[in-house]
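For reference, data35.cif (mmCIF, C-alpha atoms):
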data_start
#
loop_
_atom_site.label_atom_id
_atom_site.label_comp_id
_atom_site.auth_asym_id
_atom_site.auth_seq_id
_atom_site.Cartn_x
_atom_site.Cartn_y
_atom_site.Cartn_z
CA MET A 1 54.51 103.02 4.29
CA LYS A 2 54.14 100.41 7.04
CA TYR A 3 56.19 97.22 6.82
CA LEU A 4 55.59 93.72 8.18
CA ILE A 5 58.35 91.96 10.13
CA ASN A 6 58.02 88.26 10.91
CA MET A 7 60.15 87.40 13.96
CA MET A 8 61.23 83.75 14.01
CA SER A 9 62.64 82.16 17.17
CA LYS A 10 62.73 78.88 19.08
CA ALA A 11 64.92 80.32 21.84
CA HIS A 12 62.33 79.72 24.56
CA THR A 13 62.61 75.95 24.15
CA VAL A 14 65.87 76.12 26.17
CA LYS A 15 65.58 77.84 29.55
CA GLY A 16 68.26 79.90 31.21
CA GLN A 17 70.18 81.09 28.15
CA GLY A 18 70.63 84.64 26.89
CA VAL A 19 69.27 84.24 23.37
CA SER A 20 65.68 84.06 24.65
CA SER A 21 66.19 87.20 26.76
CA ALA A 22 67.69 89.05 23.79
CA TYR A 23 64.75 87.96 21.63
CA ASP A 24 62.14 89.19 24.12
CA GLU A 25 63.85 92.55 24.52
CA GLN A 26 64.33 93.16 20.80
CA VAL A 27 60.77 92.25 19.82
CA THR A 28 59.28 94.34 22.63
CA LEU A 29 61.53 97.25 21.68
CA ILE A 30 60.31 97.32 18.06
CA LYS A 31 56.66 96.73 18.97
CA SER A 32 56.57 99.51 21.54
CA GLY A 33 59.01 101.94 19.92
CA LEU A 34 58.08 101.83 16.23
CA PRO A 35 54.38 100.84 15.98
CA ASP A 36 53.70 103.34 13.18
CA LYS A 37 56.43 101.94 10.93
CA TYR A 38 56.39 98.19 11.54
CA THR A 39 53.81 95.52 12.24
CA ILE A 40 55.27 92.54 14.08
CA CYS A 41 54.16 88.93 13.87
CA GLU A 42 55.94 85.98 15.42
CA ASN A 43 56.69 82.52 14.03
CA LYS A 44 54.23 82.73 11.15
CA LEU A 45 54.72 81.01 7.81
CA LYS A 46 53.69 83.99 5.69
CA SER A 47 55.02 86.61 3.33
CA ALA A 48 56.58 89.62 5.02
CA ASP A 49 58.76 92.56 4.10
CA ILE A 50 61.39 91.27 6.53
CA THR A 51 61.73 87.79 8.00
CA HIS A 52 64.05 88.05 10.99
CA TYR A 53 65.53 84.74 12.19
CA HIS A 54 66.71 84.87 15.80
CA THR A 55 67.66 81.18 15.93
CA VAL A 56 69.04 78.77 13.33
CA ASN A 57 66.54 75.90 13.47
CA PRO A 58 66.58 73.60 10.40
CA GLU A 59 62.86 74.13 9.78
CA TYR A 60 63.60 77.83 9.34
CA PHE A 61 66.19 77.05 6.67
CA LEU A 62 63.48 75.26 4.69
CA THR A 63 61.33 78.41 4.64
CA LEU A 64 63.96 80.54 2.89
CA PRO A 65 62.81 79.97 -0.73
CA PHE A 66 59.26 80.92 0.26
CA VAL A 67 60.01 84.04 2.32
CA LYS A 68 62.61 85.34 -0.15
CA ARG A 69 60.09 85.53 -2.99
CA ASN A 70 58.59 88.72 -1.56
CA GLY A 71 60.87 89.99 1.19
CA VAL A 72 64.35 90.02 2.68
CA THR A 73 65.85 87.82 5.38
CA VAL A 74 67.84 88.79 8.46
CA GLY A 75 69.84 86.38 10.61
CA TYR A 76 70.91 87.10 14.17
CA VAL A 77 74.47 85.92 14.86
CA HIS A 78 74.52 84.77 18.47
CA PHE A 79 77.35 82.28 18.05
CA LEU A 80 79.96 80.81 15.70
CA PRO A 81 81.51 77.32 15.61
CA GLU A 82 84.34 78.35 17.94
CA THR A 83 81.96 79.73 20.58
CA VAL A 84 79.74 76.65 20.40
CA ASP A 85 82.85 74.50 20.80
CA GLN A 86 83.57 76.17 24.12
CA SER A 87 80.01 75.67 25.37
CA LEU A 88 78.88 72.22 24.27
CA LYS A 89 80.50 68.83 23.88
CA LEU A 90 79.18 67.35 20.64
CA PRO A 91 80.24 64.07 18.99
CA PRO A 92 82.82 64.77 16.23
CA ALA A 93 80.45 63.78 13.40
CA ALA A 94 77.57 65.85 14.77
CA LYS A 95 79.89 68.79 15.33
CA LYS A 96 81.14 68.73 11.73
CA VAL A 97 77.61 68.63 10.31
CA PHE A 98 76.25 71.32 12.62
CA TYR A 99 79.11 73.76 12.03
CA LYS A 100 78.79 73.37 8.27
CA TYR A 101 75.05 73.93 8.54
CA LEU A 102 75.49 76.99 10.80
CA ILE A 103 77.76 78.81 8.36
CA SER A 104 75.51 77.81 5.46
CA PHE A 105 72.53 79.30 7.30
CA TYR A 106 74.36 82.61 7.76
CA ARG A 107 75.50 82.66 4.12
CA HIS A 108 71.92 82.23 2.90
CA MET A 109 70.72 85.29 4.83
CA ASP A 110 70.38 88.56 2.92
CA TYR A 111 71.63 90.42 6.00
CA LEU A 112 73.17 89.53 9.34
CA VAL A 113 73.13 91.34 12.69
CA THR A 114 75.73 90.78 15.40
CA VAL A 115 75.76 92.25 18.90
CA ASN A 116 79.55 92.49 18.98
CA PRO A 117 81.57 94.18 16.20
CA CYS A 118 84.44 91.72 16.68
CA PHE A 119 82.28 89.07 14.99
CA ILE A 120 82.30 90.94 11.67
CA ASP A 121 85.92 89.94 10.97
CA LYS A 122 85.22 86.38 12.09
CA LEU A 123 82.23 86.08 9.76
CA GLU A 124 84.33 87.42 6.90
CA ALA A 125 86.89 84.71 7.61
CA TYR A 126 84.12 82.18 6.93
CA GLY A 127 83.61 83.70 3.48
CA ILE A 128 80.68 85.96 4.36
CA ASP A 129 80.64 89.46 2.85
CA ARG A 130 81.20 91.92 5.70
CA LYS A 131 79.00 94.46 3.89
CA LYS A 132 75.92 92.46 4.77
CA VAL A 133 76.79 92.36 8.51
CA THR A 134 75.55 95.11 10.85
CA TYR A 135 76.46 95.67 14.48
CA ILE A 136 73.54 96.48 16.81
CA PRO A 137 74.04 95.98 20.57
CA ASN A 138 71.69 94.25 22.95
CA PHE A 139 69.26 96.22 25.07
CA VAL A 140 67.57 95.73 28.45
CA CYS A 141 64.32 97.36 29.55
CA ASP A 142 64.36 99.61 32.62
CA ASP A 143 60.96 98.29 33.64
CA LEU A 144 62.37 94.81 34.24
CA PHE A 145 65.80 95.61 35.68
CA PHE A 146 66.42 98.46 38.10
CA PRO A 147 68.19 99.14 41.42
CA LEU A 148 66.29 98.53 44.64
CA ASP A 149 66.59 100.78 47.68
CA PRO A 150 69.27 99.66 50.18
CA ASP A 151 66.64 99.00 52.86
CA GLN A 152 64.98 96.47 50.49
CA LYS A 153 68.13 94.42 49.98
CA LYS A 154 68.60 93.01 53.49
CA PRO A 155 65.18 91.32 53.76
CA LEU A 156 65.62 90.12 50.19
CA ARG A 157 68.89 88.42 51.13
CA GLU A 158 67.21 86.71 54.07
CA GLN A 159 64.48 85.53 51.72
CA TYR A 160 67.15 83.78 49.60
CA GLY A 161 68.83 82.26 52.65
CA LEU A 162 71.78 84.66 52.69
CA ASP A 163 73.44 86.68 55.44
CA LYS A 164 71.89 90.13 55.24
CA ASP A 165 75.12 91.97 56.16
CA LYS A 166 77.87 90.13 54.28
CA PHE A 167 79.49 91.55 51.14
CA THR A 168 77.78 89.62 48.35
CA VAL A 169 79.13 88.63 44.93
CA VAL A 170 76.60 87.53 42.29
CA CYS A 171 76.92 85.91 38.88
CA ALA A 172 74.33 84.83 36.33
CA GLY A 173 74.95 82.46 33.46
CA GLN A 174 74.90 78.87 32.29
CA LEU A 175 77.05 76.39 34.17
CA GLN A 176 79.80 75.84 31.60
CA ARG A 177 83.57 75.78 31.70
CA ARG A 178 83.90 78.87 29.46
CA LYS A 179 81.92 80.94 31.96
CA GLY A 180 84.88 80.77 34.34
CA ILE A 181 82.93 78.85 36.97
CA PHE A 182 86.08 77.30 38.44
CA ASP A 183 87.65 80.72 39.10
CA PHE A 184 84.37 81.83 40.68
CA VAL A 185 84.55 78.86 43.05
CA GLU A 186 88.22 79.51 43.88
CA CYS A 187 87.41 83.16 44.69
CA ALA A 188 84.73 81.95 47.11
CA LYS A 189 87.25 79.68 48.82
CA ALA A 190 89.84 82.48 49.05
CA LEU A 191 87.36 85.02 50.43
CA PRO A 192 85.36 83.22 53.13
CA GLN A 193 84.23 86.53 54.68
CA MET A 194 82.10 87.17 51.56
CA GLN A 195 79.13 85.23 50.18
CA PHE A 196 78.86 84.18 46.55
CA VAL A 197 75.71 83.48 44.53
CA TRP A 198 75.40 81.89 41.06
CA ALA A 199 72.08 81.96 39.20
CA GLY A 200 71.92 79.56 36.27
CA GLY A 201 72.13 75.88 35.50
CA PHE A 202 72.87 73.26 32.86
CA SER A 203 70.61 74.60 30.12
CA PHE A 204 71.92 71.98 27.68
CA GLY A 205 72.18 69.16 30.21
CA HIS A 206 75.01 66.64 29.82
CA MET A 207 76.21 68.38 26.64
CA SER A 208 77.36 71.37 28.72
CA ASP A 209 81.15 71.61 28.67
CA GLY A 210 82.58 70.52 32.03
CA TYR A 211 79.27 68.99 33.15
CA GLU A 212 80.63 66.21 35.40
CA GLU A 213 83.19 68.40 37.20
CA ILE A 214 80.78 71.29 37.69
CA LYS A 215 77.98 68.99 38.87
CA LYS A 216 80.19 67.77 41.74
CA ILE A 217 80.82 71.37 42.83
CA VAL A 218 77.12 72.23 42.67
CA GLU A 219 76.31 69.22 44.84
CA HIS A 220 79.09 70.04 47.36
CA PRO A 221 79.86 73.78 47.15
CA PRO A 222 81.97 75.82 49.57
CA GLU A 223 79.93 77.01 52.58
CA ASN A 224 79.85 80.61 51.32
CA LEU A 225 78.71 79.73 47.77
CA LYS A 226 75.06 79.26 46.89
CA PHE A 227 73.84 77.91 43.54
CA LEU A 228 70.29 79.04 42.81
CA GLY A 229 69.72 77.01 39.64
CA ILE A 230 67.83 78.39 36.65
CA ILE A 231 65.75 81.42 37.67
CA GLU A 232 62.83 82.76 35.66
CA ARG A 233 63.72 86.09 34.08
CA GLU A 234 60.94 87.87 35.96
CA LYS A 235 62.81 87.07 39.20
CA MET A 236 66.30 87.99 38.03
CA ASN A 237 66.03 91.63 39.12
CA GLU A 238 65.85 90.34 42.69
CA VAL A 239 68.93 88.18 42.17
CA TYR A 240 71.07 91.05 40.90
CA ASN A 241 69.92 93.24 43.76
CA LEU A 242 71.15 90.63 46.24
CA GLY A 243 74.68 91.59 45.27
CA ASP A 244 77.25 94.28 45.91
CA VAL A 245 79.05 93.36 42.68
CA MET A 246 78.39 91.33 39.53
CA PHE A 247 81.38 89.06 38.82
CA LEU A 248 81.43 87.15 35.51
CA PRO A 249 84.85 85.52 34.87
CA SER A 250 84.01 84.21 31.36
CA TYR A 251 86.75 83.42 28.88
CA GLU A 252 84.50 83.86 25.84
CA GLU A 253 81.32 85.90 25.34
CA LEU A 254 79.54 87.91 22.64
CA PHE A 255 77.54 90.51 24.55
CA PRO A 256 76.00 88.89 27.64
CA MET A 257 72.53 90.11 28.52
CA THR A 258 73.49 89.52 32.16
CA ILE A 259 75.99 92.38 32.02
CA LEU A 260 73.39 94.83 30.74
CA GLU A 261 70.87 93.60 33.29
CA ALA A 262 73.34 94.08 36.15
CA MET A 263 74.29 97.54 34.86
CA ASN A 264 70.62 98.49 35.00
CA CYS A 265 70.72 97.51 38.68
CA ARG A 266 73.73 99.80 39.23
CA LEU A 267 76.06 96.97 40.21
CA PRO A 268 79.81 97.25 39.65
CA ILE A 269 80.80 94.82 36.89
CA LEU A 270 83.97 92.71 37.28
CA LEU A 271 85.01 90.76 34.17
CA ARG A 272 88.00 88.90 32.82
CA ASP A 273 90.32 91.15 30.83
CA VAL A 274 89.66 89.85 27.32
CA GLU A 275 89.68 91.69 24.00
CA LEU A 276 86.06 91.00 23.06
CA TYR A 277 84.74 93.50 25.65
CA GLU A 278 86.90 96.42 24.54
CA ASN A 279 84.65 97.73 21.75
CA ILE A 280 81.36 97.28 23.56
CA LEU A 281 81.98 97.96 27.27
CA PHE A 282 84.72 100.59 26.98
CA ASP A 283 85.42 101.87 30.51
CA TYR A 284 82.12 100.82 32.05
CA TYR A 285 83.53 97.82 33.94
CA LEU A 286 86.34 96.60 36.21
CA LYS A 287 88.66 93.89 34.92
CA ALA A 288 91.38 91.49 35.98
CA LYS A 289 93.51 89.01 34.07
CA ASP A 290 93.51 86.01 36.41
CA LEU A 291 92.43 84.54 39.73
CA ASP A 292 94.83 86.67 41.81
CA GLY A 293 93.52 89.80 40.09
CA PHE A 294 89.91 88.81 40.78
CA ILE A 295 90.63 88.22 44.47
CA LYS A 296 92.43 91.56 44.83
CA THR A 297 89.67 93.51 43.05
CA LEU A 298 86.89 91.88 45.09
CA SER A 299 88.80 92.54 48.30
CA ARG A 300 89.24 96.20 47.40
CA LEU A 301 85.55 96.57 46.51
CA GLU A 302 84.67 95.19 49.95
CA SER A 303 87.10 97.37 51.90
CA ASP A 304 87.08 100.63 49.90
CA PRO A 305 83.66 102.39 49.74
CA LYS A 306 84.95 104.97 47.26
CA TYR A 307 86.16 102.27 44.89
CA LEU A 308 82.83 100.47 45.21
CA GLU A 309 80.94 103.66 44.36
CA GLN A 310 83.27 104.28 41.42
CA GLY A 311 82.37 100.83 40.11
CA ARG A 312 78.69 101.62 40.44
CA GLU A 313 79.07 104.87 38.54
CA MET A 314 80.98 103.14 35.74
CA ALA A 315 78.20 100.55 35.37
CA TRP A 316 75.49 103.22 35.41
CA LYS A 317 77.22 105.09 32.59
CA GLY A 318 77.15 101.86 30.60
CA HIS A 319 73.43 101.58 31.29
CA GLU A 320 72.89 105.14 30.06
CA PHE A 321 74.95 104.53 26.91
CA TYR A 322 72.92 101.48 25.90
CA ASN A 323 69.64 103.26 26.37
CA LYS A 324 66.36 102.50 24.63
CA GLU A 325 66.41 105.47 22.23
CA HIS A 326 69.96 104.79 21.05
CA VAL A 327 69.38 101.11 20.23
CA LEU A 328 65.89 101.74 18.82
CA THR A 329 67.30 104.25 16.34
CA MET A 330 69.87 101.72 15.17
CA TRP A 331 67.15 99.13 14.51
CA ASP A 332 64.93 101.67 12.76
CA ASN A 333 67.75 102.75 10.46
CA PHE A 334 68.71 99.15 9.73
CA TYR A 335 65.21 97.93 8.88
CA ALA A 336 64.50 101.02 6.76
CA ARG A 337 67.71 100.54 4.78
CA ILE A 338 67.23 96.87 3.98
CA VAL A 339 63.60 97.15 2.81
CA GLN A 340 64.48 100.10 0.58
CA ASN A 341 67.49 98.37 -0.98
CA ARG A 342 65.92 95.03 -1.86
CA PRO A 343 65.36 93.98 -5.49
CA GLU A 344 62.15 95.16 -7.18
CA ASN A 345 60.79 91.63 -7.56
CA ARG A 346 61.06 91.02 -3.82
CA LYS A 347 58.79 93.74 -2.51
CA TYR A 348 55.89 93.07 -0.25
CA HIS A 349 54.06 95.77 1.67
CA TYR A 350 51.87 95.03 4.62
CA LYS A 351 48.41 96.48 4.25
CA LYS A 352 45.81 95.88 6.89
CA LYS A 353 42.54 94.71 5.33
CA THR A 354 39.54 96.97 5.70
CA LEU A 355 36.23 95.62 6.98
CA GLU A 356 34.82 95.69 3.42
CA GLU A 357 37.80 93.72 2.12
CA LYS A 358 37.43 91.13 4.87
CA GLN A 359 33.73 90.73 4.09
CA ALA A 360 34.44 90.40 0.36
CA LEU A 361 37.12 87.78 1.03
CA LYS A 362 34.74 85.86 3.27
CA LYS A 363 32.06 86.00 0.59
CA ARG A 364 34.47 84.72 -2.09
CA SER A 365 35.61 81.90 0.19
CA ALA A 366 32.01 80.91 0.91
CA GLY A 367 31.22 80.98 -2.80
CA ALA A 368 34.21 78.82 -3.64
CA ALA A 369 33.23 76.35 -0.94
CA ALA A 370 29.68 76.14 -2.35
CA VAL A 371 31.02 75.42 -5.83
CA ARG A 372 33.29 72.65 -4.49
CA HIS A 373 30.38 71.14 -2.56
CA LYS A 374 28.18 71.19 -5.67
CA LYS A 375 30.88 69.44 -7.75
CA ILE A 376 31.37 66.76 -5.10
CA LYS A 377 27.62 66.20 -4.83
CA THR A 378 27.27 65.91 -8.62
CA ALA A 379 30.21 63.52 -8.85
CA SER A 380 28.78 61.29 -6.12
CA LYS A 381 25.45 61.01 -7.95
CA GLY A 382 27.22 60.04 -11.12
#

In structure tokens, what does this structure look like?
Amino acid sequence: MKYLINMMSKAHTVKGQGVSSAYDEQVTLIKSGLPDKYTICENKLKSADITHYHTVNPEYFLTLPFVKRNGVTVGYVHFLPETVDQSLKLPPAAKKVFYKYLISFYRHMDYLVTVNPCFIDKLEAYGIDRKKVTYIPNFVCDDLFFPLDPDQKKPLREQYGLDKDKFTVVCAGQLQRRKGIFDFVECAKALPQMQFVWAGGFSFGHMSDGYEEIKKIVEHPPENLKFLGIIEREKMNEVYNLGDVMFLPSYEELFPMTILEAMNCRLPILLRDVELYENILFDYYLKAKDLDGFIKTLSRLESDPKYLEQGREMAWKGHEFYNKEHVLTMWDNFYARIVQNRPENRKYHYKKKTLEEKQALKKRSAGAAAVRHKKIKTASKG
């Protein structure tokens, strides 16, 4: 039996944020990995076995009564009120309405998927049954993100206006306070012998938390810090390969695509020591608790080749753990379970129309049109 999945997303309307990258990877993974089991359509108002919502747009909420008549719904949990609060500055009234709507959207889903298991407890605290929440990690394709040969990196650095020989620290992410941008800047000031690169911008404009302060830094950065702005995803492999280390000092994350992308490029990963990484990144990354720890770790990576290579190996093991086959199996098992367990009156099976069926449908449509035309003609004469 082949099932139809309707993928719903408006993530591409906002550039430079991870939800759109996660959407592209997940859809491509299912299309290429499970073509015999699932047919994929995108953003169609039609009956399907599974309607998978990747974003929480209000127009999607309005489709729920229609799509639930024949199939089941899945919602992707990319954020909760507390994570939005640390990213965007919304007016109090708008914030109250949006947060209430967000939780209502999740509650109306038949099933939810989160990329970090720590969100399961948080969703339960909002009154959502944890039994309908499934953890499936993000995934990054090897064809898009991969390590370049060392002899390719020096000319690439020159192309981006960087010193080809300096130890280089890269970061990718939106320019927001929660991303730890101020610690990144302070590290650049404390380590003038290195060069620092940040790819990303204000994806949500003036609503971005810390916008005014960060904007001043972007306009007048330290001499060894370069802001690249929002980079198209097709160019991000080059950006990661500019670096000797990927340094993301975020205070709050779910499962950043940037970490997986950098792991694919065999870059050591340096992150803030926060609990949310423990159950997803295990021992695949380096960590520090504060600014002093970041400076010491970066200094050691620059001066100790063995430590640098150890960091690369840790990241590569993370890349191998979150491989295509592993994540694909999790999605296959999840989709198979939810279509088999849905109520009898909500079953819809995708069946591709044969040529004869298409011709018959066309003939019936033409016949119906002729009847309507005849009635209109008769009415006009009368």

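Distances here use all atoms listed in the file; by that measure, the residue among A:Ile295, A:Ile103, A:Gln195, A:Val327 closest to A:Ala125 is A:Ile103.
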
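When the distance limit is 9 Å and only C-alpha atoms are what count, the residues near A:Asn237, minus those fewer than 6 positions from it on the same chain, are Leu144, Phe145, Phe146, Pro147, Leu148, Glu261, Ala262 and Cys265 of chain A.
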
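Distance check against A:Gln159 using only C-alpha atoms: of A:Met314, A:Val239, A:Met109, A:Ala188, the minimum falls on A:Val239.
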
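The space separating atom CA of A:Ile269 from atom CA of A:Leu123 comes to 28.5 Å.
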
Excluding stretch 301-304 of chain A and its own-chain neighbours fewer than 6 positions away, which residues fall within 12 Å of it when counting only C-alpha atoms? Please give them as JSON, numbers by chain. {"A": [165, 166, 167, 168, 169, 191, 193, 194, 195, 243, 244, 245, 246, 247, 267, 268, 269, 270, 286, 294, 295, 310, 311, 312]}

How many Å separate atom CA of A:Val133 from atom CA of A:Ile120? 6.5 Å

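The closest residue to A:Leu260, picked from A:Arg300, A:His206, A:Lys44, A:Lys317 and counting only C-alpha atoms, is A:Lys317.
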
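Our summary of the geometry notes that atom CA of A:Lys179 is positioned 10.4 Å from atom CA of A:Gly210.
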
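Across A:Phe66, A:Glu158, A:Asp129, A:Met1, the tightest approach to A:Lys37 is made by A:Met1 when counting only C-alpha atoms.
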
10 Å contact set for stretch 58-62 of chain A, all atoms listed in the file, chain neighbours under 5 positions out, as a list of chain:residue names: A:Met8, A:Ser9, A:Lys10, A:Asn43, A:Leu45, A:Tyr53, A:Val67, A:Tyr101, A:Leu102, A:Ser104, A:Phe105, A:Tyr106, A:His108, A:Met109

Any chance you could resolve the PyMOL selection byres ((chain A and resi 20-28) around 8) against this file and give the residues as a PDB file with C-alpha atoms, in the coordinates of the input?
ATOM      1  CA  MET A   7      60.150  87.400  13.960  1.00  0.00           C
ATOM      2  CA  SER A   9      62.640  82.160  17.170  1.00  0.00           C
ATOM      3  CA  ALA A  11      64.920  80.320  21.840  1.00  0.00           C
ATOM      4  CA  HIS A  12      62.330  79.720  24.560  1.00  0.00           C
ATOM      5  CA  LYS A  15      65.580  77.840  29.550  1.00  0.00           C
ATOM      6  CA  GLN A  17      70.180  81.090  28.150  1.00  0.00           C
ATOM      7  CA  GLY A  18      70.630  84.640  26.890  1.00  0.00           C
ATOM      8  CA  VAL A  19      69.270  84.240  23.370  1.00  0.00           C
ATOM      9  CA  LEU A  29      61.530  97.250  21.680  1.00  0.00           C
ATOM     10  CA  ILE A  30      60.310  97.320  18.060  1.00  0.00           C
ATOM     11  CA  LYS A  31      56.660  96.730  18.970  1.00  0.00           C
ATOM     12  CA  SER A  32      56.570  99.510  21.540  1.00  0.00           C
ATOM     13  CA  ILE A  40      55.270  92.540  14.080  1.00  0.00           C
ATOM     14  CA  HIS A  54      66.710  84.870  15.800  1.00  0.00           C
ATOM     15  CA  ASN A 138      71.690  94.250  22.950  1.00  0.00           C
ATOM     16  CA  PHE A 139      69.260  96.220  25.070  1.00  0.00           C
ATOM     17  CA  VAL A 140      67.570  95.730  28.450  1.00  0.00           C
ATOM     18  CA  CYS A 141      64.320  97.360  29.550  1.00  0.00           C
ATOM     19  CA  ARG A 233      63.720  86.090  34.080  1.00  0.00           C
ATOM     20  CA  MET A 257      72.530  90.110  28.520  1.00  0.00           C
TER      21      MET A 257
END

Save stretch 322-329 of chain A from what I just supplied, as a short mmCIF file (atom, residue, chain, number, x, y, z; two decimals), in the first residue's frame, atoms limited to all heavy atoms.
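Output (decode-v3.cif):
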data_model
loop_
_atom_site.label_atom_id
_atom_site.label_comp_id
_atom_site.auth_asym_id
_atom_site.auth_seq_id
_atom_site.Cartn_x
_atom_site.Cartn_y
_atom_site.Cartn_z
N TYR A 322 24.27 10.55 13.03
CA TYR A 322 23.05 11.08 12.41
C TYR A 322 23.11 10.90 10.90
O TYR A 322 23.00 11.85 10.13
CB TYR A 322 22.88 12.56 12.79
CG TYR A 322 22.51 12.74 14.24
CD1 TYR A 322 23.40 13.33 15.14
CD2 TYR A 322 21.29 12.29 14.73
CE1 TYR A 322 23.06 13.48 16.48
CE2 TYR A 322 20.95 12.43 16.06
CZ TYR A 322 21.84 13.03 16.93
OH TYR A 322 21.50 13.16 18.25
N ASN A 323 23.27 9.65 10.51
CA ASN A 323 23.38 9.35 9.09
C ASN A 323 22.00 9.20 8.45
O ASN A 323 20.99 9.07 9.14
CB ASN A 323 24.23 8.09 8.85
CG ASN A 323 23.61 6.87 9.49
OD1 ASN A 323 22.58 6.37 9.05
ND2 ASN A 323 24.24 6.37 10.55
N LYS A 324 21.99 9.18 7.14
CA LYS A 324 20.75 9.13 6.36
C LYS A 324 19.90 7.90 6.71
O LYS A 324 18.69 8.00 6.93
CB LYS A 324 21.09 9.14 4.88
CG LYS A 324 19.89 9.02 3.97
CD LYS A 324 20.32 9.05 2.51
CE LYS A 324 19.12 8.91 1.58
NZ LYS A 324 19.53 8.97 0.16
N GLU A 325 20.52 6.73 6.75
CA GLU A 325 19.77 5.49 6.96
C GLU A 325 19.11 5.47 8.33
O GLU A 325 17.96 5.03 8.48
CB GLU A 325 20.71 4.28 6.82
CG GLU A 325 21.16 4.00 5.39
CD GLU A 325 22.15 5.03 4.86
OE1 GLU A 325 22.84 5.67 5.69
OE2 GLU A 325 22.22 5.21 3.64
N HIS A 326 19.82 5.94 9.34
CA HIS A 326 19.30 5.96 10.71
C HIS A 326 18.05 6.84 10.82
O HIS A 326 17.00 6.41 11.33
CB HIS A 326 20.40 6.47 11.65
CG HIS A 326 19.95 6.74 13.05
ND1 HIS A 326 19.42 5.76 13.87
CD2 HIS A 326 19.93 7.89 13.79
CE1 HIS A 326 19.10 6.29 15.04
NE2 HIS A 326 19.41 7.58 15.01
N VAL A 327 18.14 8.07 10.32
CA VAL A 327 17.01 9.00 10.42
C VAL A 327 15.87 8.57 9.50
O VAL A 327 14.69 8.69 9.85
CB VAL A 327 17.48 10.43 10.10
CG1 VAL A 327 16.31 11.41 10.15
CG2 VAL A 327 18.57 10.87 11.07
N LEU A 328 16.20 8.05 8.32
CA LEU A 328 15.17 7.59 7.38
C LEU A 328 14.33 6.47 7.99
O LEU A 328 13.11 6.45 7.85
CB LEU A 328 15.82 7.12 6.08
CG LEU A 328 14.86 6.66 4.97
CD1 LEU A 328 13.98 7.80 4.51
CD2 LEU A 328 15.66 6.09 3.80
N THR A 329 14.98 5.56 8.68
CA THR A 329 14.26 4.46 9.33
C THR A 329 13.30 4.97 10.39
O THR A 329 12.17 4.48 10.53
CB THR A 329 15.26 3.46 9.97
OG1 THR A 329 16.08 2.90 8.95
CG2 THR A 329 14.53 2.34 10.69
#
